[in-house]
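First the structure, in the form of C-alpha cells, and then the observations on it.
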Amino acid sequence: MPFRRDELPFGWYFRNGDNYLLSSPQGKVLNGLSANYKNDHRITIKTINGQQYINVPTAFAPDGRGFFERAVNGTTRQVGSWEDDAIREIWGHFDTGIVDCHGLYTRGAFVGANAIYPENGAFAPKKEWPAYGYDFRASNVVPTANENRPLNIGMTPVIYLGV
C-alpha cells in the first residue's frame, strides 16, 4: 500500500506478524479467514500468558528482510511458498599463462588487466612483454549492487481487516 506504516487508513494493518487477542475484532476477522489462507500465510492461534491470540500475516523473513511478493501459478508453485535469495548465473572465460598482450582473449565477466604481482609466479614478464591477469567483474554481465534484489518499489505490506 502506498501509505506509511503510521498513516494507514482505518481497517488496514501492517503485515508484521503482530498478535491480536482471538476475541478482539481483529482476532475474529483473522480467525474467520479460510483454512487455506491461514495455512498459506502462517496465521496461527497461540496461547500467550493464558490467553489465545492470532497473528496477522507477515511480509518479513525471520531475519527481518522484507519479502518481494511474486505471482504464482498455483500449480508448480503455491501461495505462501518461499524462494530464497539467488542471483542470475554469472559466467566467464579466460586463457591462462598469457604474458603477451596479443593473447588476451576474454568473454563474459572476465576482463584482461595488468597483473597485480607481475614479478611473482606464472605471470612473470618475459622479454619486453608485460604480464597480464584477469579481473572478474559481475557487472559486465548483470546489474550489481551491495545486495541481491529484484526490481522493486517501496510499499507498506498490509492486510485489510475492516475493523
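Ordering of the C-alpha cells sets the chain letters (A, B, ...); residue numbers start at 1 within each chain; ligands are numbered from 1 in the order shown.
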Expected answer as a PDB file with N, CA and C atoms, in the first residue's frame: strand (DSSP E) residues in chain A:
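This went into selection07.pdb:
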ATOM      1  N   TRP A  12      -6.906  -1.145   7.935  1.00  0.00           N
ATOM      2  CA  TRP A  12      -5.709  -1.735   7.330  1.00  0.00           C
ATOM      3  C   TRP A  12      -4.663  -1.959   8.411  1.00  0.00           C
ATOM      4  N   TYR A  13      -3.961  -3.096   8.353  1.00  0.00           N
ATOM      5  CA  TYR A  13      -2.982  -3.457   9.379  1.00  0.00           C
ATOM      6  C   TYR A  13      -1.661  -3.842   8.736  1.00  0.00           C
ATOM      7  N   PHE A  14      -0.598  -3.399   9.386  1.00  0.00           N
ATOM      8  CA  PHE A  14       0.760  -3.694   8.943  1.00  0.00           C
ATOM      9  C   PHE A  14       0.994  -5.200   9.040  1.00  0.00           C
ATOM     10  N   ASN A  19       0.375 -10.111  17.011  1.00  0.00           N
ATOM     11  CA  ASN A  19      -0.681 -10.945  17.579  1.00  0.00           C
ATOM     12  C   ASN A  19      -1.818 -10.078  18.109  1.00  0.00           C
ATOM     13  N   TYR A  20      -3.050 -10.553  17.905  1.00  0.00           N
ATOM     14  CA  TYR A  20      -4.249  -9.901  18.433  1.00  0.00           C
ATOM     15  C   TYR A  20      -5.023 -10.941  19.227  1.00  0.00           C
ATOM     16  N   LEU A  21      -5.648 -10.495  20.309  1.00  0.00           N
ATOM     17  CA  LEU A  21      -6.499 -11.405  21.075  1.00  0.00           C
ATOM     18  C   LEU A  21      -7.509 -12.056  20.140  1.00  0.00           C
ATOM     19  N   ILE A  45      -3.187 -19.732  15.798  1.00  0.00           N
ATOM     20  CA  ILE A  45      -3.682 -19.398  17.137  1.00  0.00           C
ATOM     21  C   ILE A  45      -2.665 -19.928  18.131  1.00  0.00           C
ATOM     22  N   LYS A  46      -2.321 -19.101  19.091  1.00  0.00           N
ATOM     23  CA  LYS A  46      -1.348 -19.486  20.118  1.00  0.00           C
ATOM     24  C   LYS A  46      -1.807 -18.966  21.467  1.00  0.00           C
ATOM     25  N   THR A  47      -1.316 -19.564  22.527  1.00  0.00           N
ATOM     26  CA  THR A  47      -1.643 -19.119  23.880  1.00  0.00           C
ATOM     27  C   THR A  47      -0.456 -18.357  24.441  1.00  0.00           C
ATOM     28  N   ILE A  48      -0.712 -17.135  24.875  1.00  0.00           N
ATOM     29  CA  ILE A  48       0.318 -16.280  25.479  1.00  0.00           C
ATOM     30  C   ILE A  48      -0.235 -15.793  26.812  1.00  0.00           C
ATOM     31  N   GLN A  51      -3.896 -16.520  27.495  1.00  0.00           N
ATOM     32  CA  GLN A  51      -4.938 -16.002  26.608  1.00  0.00           C
ATOM     33  C   GLN A  51      -4.628 -16.415  25.170  1.00  0.00           C
ATOM     34  N   GLN A  52      -5.687 -16.609  24.369  1.00  0.00           N
ATOM     35  CA  GLN A  52      -5.494 -17.011  22.981  1.00  0.00           C
ATOM     36  C   GLN A  52      -5.325 -15.793  22.074  1.00  0.00           C
ATOM     37  N   TYR A  53      -4.324 -15.888  21.215  1.00  0.00           N
ATOM     38  CA  TYR A  53      -4.001 -14.836  20.252  1.00  0.00           C
ATOM     39  C   TYR A  53      -3.939 -15.442  18.858  1.00  0.00           C
ATOM     40  N   ILE A  54      -4.106 -14.582  17.867  1.00  0.00           N
ATOM     41  CA  ILE A  54      -3.939 -14.964  16.472  1.00  0.00           C
ATOM     42  C   ILE A  54      -3.143 -13.841  15.807  1.00  0.00           C
ATOM     43  N   ASN A  55      -2.310 -14.200  14.860  1.00  0.00           N
ATOM     44  CA  ASN A  55      -1.415 -13.206  14.248  1.00  0.00           C
ATOM     45  C   ASN A  55      -1.886 -12.784  12.862  1.00  0.00           C
ATOM     46  N   GLY A  92      32.114 -16.727 -17.225  1.00  0.00           N
ATOM     47  CA  GLY A  92      33.258 -16.049 -17.808  1.00  0.00           C
ATOM     48  C   GLY A  92      34.239 -17.061 -18.362  1.00  0.00           C
ATOM     49  N   HIS A  93      35.190 -16.600 -19.124  1.00  0.00           N
ATOM     50  CA  HIS A  93      36.204 -17.454 -19.730  1.00  0.00           C
ATOM     51  C   HIS A  93      37.536 -16.715 -19.692  1.00  0.00           C
ATOM     52  N   PHE A  94      38.628 -17.456 -19.436  1.00  0.00           N
ATOM     53  CA  PHE A  94      39.940 -16.840 -19.592  1.00  0.00           C
ATOM     54  C   PHE A  94      40.948 -17.887 -20.016  1.00  0.00           C
ATOM     55  N   THR A 106      39.171 -12.819 -23.652  1.00  0.00           N
ATOM     56  CA  THR A 106      38.240 -12.948 -22.528  1.00  0.00           C
ATOM     57  C   THR A 106      36.823 -12.774 -23.034  1.00  0.00           C
ATOM     58  N   ARG A 107      35.886 -13.332 -22.265  1.00  0.00           N
ATOM     59  CA  ARG A 107      34.473 -13.154 -22.547  1.00  0.00           C
ATOM     60  C   ARG A 107      33.739 -13.051 -21.222  1.00  0.00           C
ATOM     61  N   GLY A 108      32.519 -12.528 -21.277  1.00  0.00           N
ATOM     62  CA  GLY A 108      31.657 -12.523 -20.101  1.00  0.00           C
ATOM     63  C   GLY A 108      32.184 -11.662 -18.973  1.00  0.00           C
ATOM     64  N   PHE A 110      34.912 -11.872 -17.240  1.00  0.00           N
ATOM     65  CA  PHE A 110      36.355 -11.676 -17.100  1.00  0.00           C
ATOM     66  C   PHE A 110      36.835 -10.559 -18.014  1.00  0.00           C
ATOM     67  N   VAL A 111      37.809  -9.776 -17.525  1.00  0.00           N
ATOM     68  CA  VAL A 111      38.411  -8.688 -18.275  1.00  0.00           C
ATOM     69  C   VAL A 111      39.917  -8.801 -18.133  1.00  0.00           C
ATOM     70  N   GLY A 112      40.629  -8.713 -19.235  1.00  0.00           N
ATOM     71  CA  GLY A 112      42.085  -8.718 -19.162  1.00  0.00           C
ATOM     72  C   GLY A 112      42.578  -7.459 -18.469  1.00  0.00           C
ATOM     73  N   ALA A 113      43.596  -7.626 -17.643  1.00  0.00           N
ATOM     74  CA  ALA A 113      44.130  -6.491 -16.898  1.00  0.00           C
ATOM     75  C   ALA A 113      45.605  -6.729 -16.646  1.00  0.00           C
ATOM     76  N   ASN A 114      46.309  -5.676 -16.275  1.00  0.00           N
ATOM     77  CA  ASN A 114      47.701  -5.865 -15.887  1.00  0.00           C
ATOM     78  C   ASN A 114      47.766  -6.744 -14.656  1.00  0.00           C
ATOM     79  N   TYR A 132      49.975 -10.168 -17.722  1.00  0.00           N
ATOM     80  CA  TYR A 132      48.564  -9.850 -17.612  1.00  0.00           C
ATOM     81  C   TYR A 132      47.852 -10.821 -16.695  1.00  0.00           C
ATOM     82  N   GLY A 133      46.850 -10.304 -16.003  1.00  0.00           N
ATOM     83  CA  GLY A 133      45.968 -11.126 -15.185  1.00  0.00           C
ATOM     84  C   GLY A 133      44.552 -10.938 -15.690  1.00  0.00           C
ATOM     85  N   TYR A 134      43.601 -11.446 -14.923  1.00  0.00           N
ATOM     86  CA  TYR A 134      42.207 -11.365 -15.332  1.00  0.00           C
ATOM     87  C   TYR A 134      41.357 -10.913 -14.168  1.00  0.00           C
ATOM     88  N   ASP A 135      40.605  -9.865 -14.352  1.00  0.00           N
ATOM     89  CA  ASP A 135      39.662  -9.394 -13.342  1.00  0.00           C
ATOM     90  C   ASP A 135      38.306 -10.041 -13.608  1.00  0.00           C
ATOM     91  N   PHE A 136      37.641 -10.396 -12.539  1.00  0.00           N
ATOM     92  CA  PHE A 136      36.267 -10.904 -12.637  1.00  0.00           C
ATOM     93  C   PHE A 136      35.349  -9.770 -12.232  1.00  0.00           C
ATOM     94  N   VAL A 158       0.458  -4.691   3.880  1.00  0.00           N
ATOM     95  CA  VAL A 158      -0.717  -4.560   4.755  1.00  0.00           C
ATOM     96  C   VAL A 158      -1.740  -5.668   4.481  1.00  0.00           C
ATOM     97  N   ILE A 159      -2.673  -5.785   5.384  1.00  0.00           N
ATOM     98  CA  ILE A 159      -3.844  -6.635   5.206  1.00  0.00           C
ATOM     99  C   ILE A 159      -5.051  -5.821   5.645  1.00  0.00           C
ATOM    100  N   TYR A 160      -6.151  -5.945   4.902  1.00  0.00           N
ATOM    101  CA  TYR A 160      -7.368  -5.222   5.245  1.00  0.00           C
ATOM    102  C   TYR A 160      -8.245  -6.123   6.101  1.00  0.00           C
TER     103      TYR A 160
END
Counting only C-alpha atoms, the option among A:Val79, A:His41, A:Gly74, A:Arg65 closest to Glu147 (chain A):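 Ranked by minimum distance to Glu147 (chain A), first place goes to A:Arg65.
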For Phe60 (chain A), find every residue with an atom within 10 Å (counting only C-alpha atoms), except residues of its own chain fewer than 4 positions away, and show them as a tab-separated table (two decimals) with C-alpha atoms, in the first residue's frame.
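This went into result07.tsv:
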chain	number	residue	atom	x	y	z
A	15	ARG	CA	1.72	-7.27	7.94
A	16	ASN	CA	4.41	-7.80	10.56
A	17	GLY	CA	3.07	-10.90	12.36
A	64	GLY	CA	13.95	-9.17	9.20
A	65	ARG	CA	14.35	-8.89	5.43
A	66	GLY	CA	11.14	-7.96	3.64
A	67	PHE	CA	9.72	-10.38	1.09
A	68	PHE	CA	9.35	-9.36	-2.51
A	157	PRO	CA	2.83	-4.56	3.35
Long-range neighbours of Val163 (chain A) as a PyMOL selection string, 7 Å cut-off, only C-alpha atoms, 4 positions minimum in chain: chain A and resi 11+25-26
Mind writing the picked residues with N, CA, C and O atoms as a compact mmCIF listing (two decimals), in the first residue's frame?
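Saved as result-v8.txt:
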# COMPACT_ATOMS: atom_id res chain seq x y z
N GLY A 11 -8.88 0.21 9.29
CA GLY A 11 -9.15 -1.16 8.85
C GLY A 11 -7.98 -1.86 8.22
O GLY A 11 -8.05 -3.06 7.97
N PRO A 25 -11.93 -7.70 17.80
CA PRO A 25 -12.48 -7.61 16.43
C PRO A 25 -11.48 -8.08 15.37
O PRO A 25 -11.85 -8.80 14.45
N GLN A 26 -10.20 -7.71 15.52
CA GLN A 26 -9.18 -8.14 14.57
C GLN A 26 -9.02 -9.66 14.62
O GLN A 26 -8.91 -10.32 13.58
Alpha helix (DSSP H) residues, from DSSP on the backbone, in chain A, as a list of chain:residue names: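 Filtering chain A to alpha helix (DSSP H) leaves A:Pro25, A:Gln26, A:Gly27, A:Lys28, A:Val29, A:Leu30, A:Asn31, A:Ala35, A:Asn36, A:Tyr37, A:Lys38, A:Asn39, A:Asp40.
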Leu151 (chain A) environment, 12 Å, only C-alpha atoms, sequence neighbours closer than 6 positions dropped, as a PyMOL selection string: chain A and resi 68-70+143-145
Using only N, CA, C and O atoms, please write the residues we just selected to a file, as a PDB file, in the first residue's frame.
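again-v9.pdb, written as the output of this step:
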ATOM      1  N   PHE A  68       9.827  -9.890  -1.242  1.00  0.00           N
ATOM      2  CA  PHE A  68       9.352  -9.357  -2.510  1.00  0.00           C
ATOM      3  C   PHE A  68       8.233 -10.298  -2.934  1.00  0.00           C
ATOM      4  O   PHE A  68       8.434 -11.501  -3.043  1.00  0.00           O
ATOM      5  N   GLU A  69       7.028  -9.787  -3.102  1.00  0.00           N
ATOM      6  CA  GLU A  69       5.902 -10.647  -3.445  1.00  0.00           C
ATOM      7  C   GLU A  69       5.895 -10.905  -4.948  1.00  0.00           C
ATOM      8  O   GLU A  69       6.055  -9.991  -5.746  1.00  0.00           O
ATOM      9  N   ARG A  70       5.732 -12.171  -5.286  1.00  0.00           N
ATOM     10  CA  ARG A  70       5.806 -12.592  -6.676  1.00  0.00           C
ATOM     11  C   ARG A  70       4.602 -13.462  -7.020  1.00  0.00           C
ATOM     12  O   ARG A  70       4.217 -14.333  -6.254  1.00  0.00           O
ATOM     13  N   PRO A 143      23.319  -6.626 -13.662  1.00  0.00           N
ATOM     14  CA  PRO A 143      23.268  -5.448 -12.796  1.00  0.00           C
ATOM     15  C   PRO A 143      23.778  -5.840 -11.402  1.00  0.00           C
ATOM     16  O   PRO A 143      23.487  -6.932 -10.917  1.00  0.00           O
ATOM     17  N   THR A 144      24.540  -4.986 -10.771  1.00  0.00           N
ATOM     18  CA  THR A 144      25.078  -5.292  -9.451  1.00  0.00           C
ATOM     19  C   THR A 144      24.745  -4.187  -8.460  1.00  0.00           C
ATOM     20  O   THR A 144      24.450  -3.060  -8.839  1.00  0.00           O
ATOM     21  N   ALA A 145      24.769  -4.546  -7.185  1.00  0.00           N
ATOM     22  CA  ALA A 145      24.541  -3.604  -6.089  1.00  0.00           C
ATOM     23  C   ALA A 145      25.196  -4.197  -4.858  1.00  0.00           C
ATOM     24  O   ALA A 145      25.846  -5.237  -4.930  1.00  0.00           O
TER      25      ALA A 145
END
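Restricting the calculation to only C-alpha atoms, the smallest distance between Val56 (chain A) and any of A:Thr75, A:Asn31, A:Ser23, A:Asn36 is found for A:Asn31.
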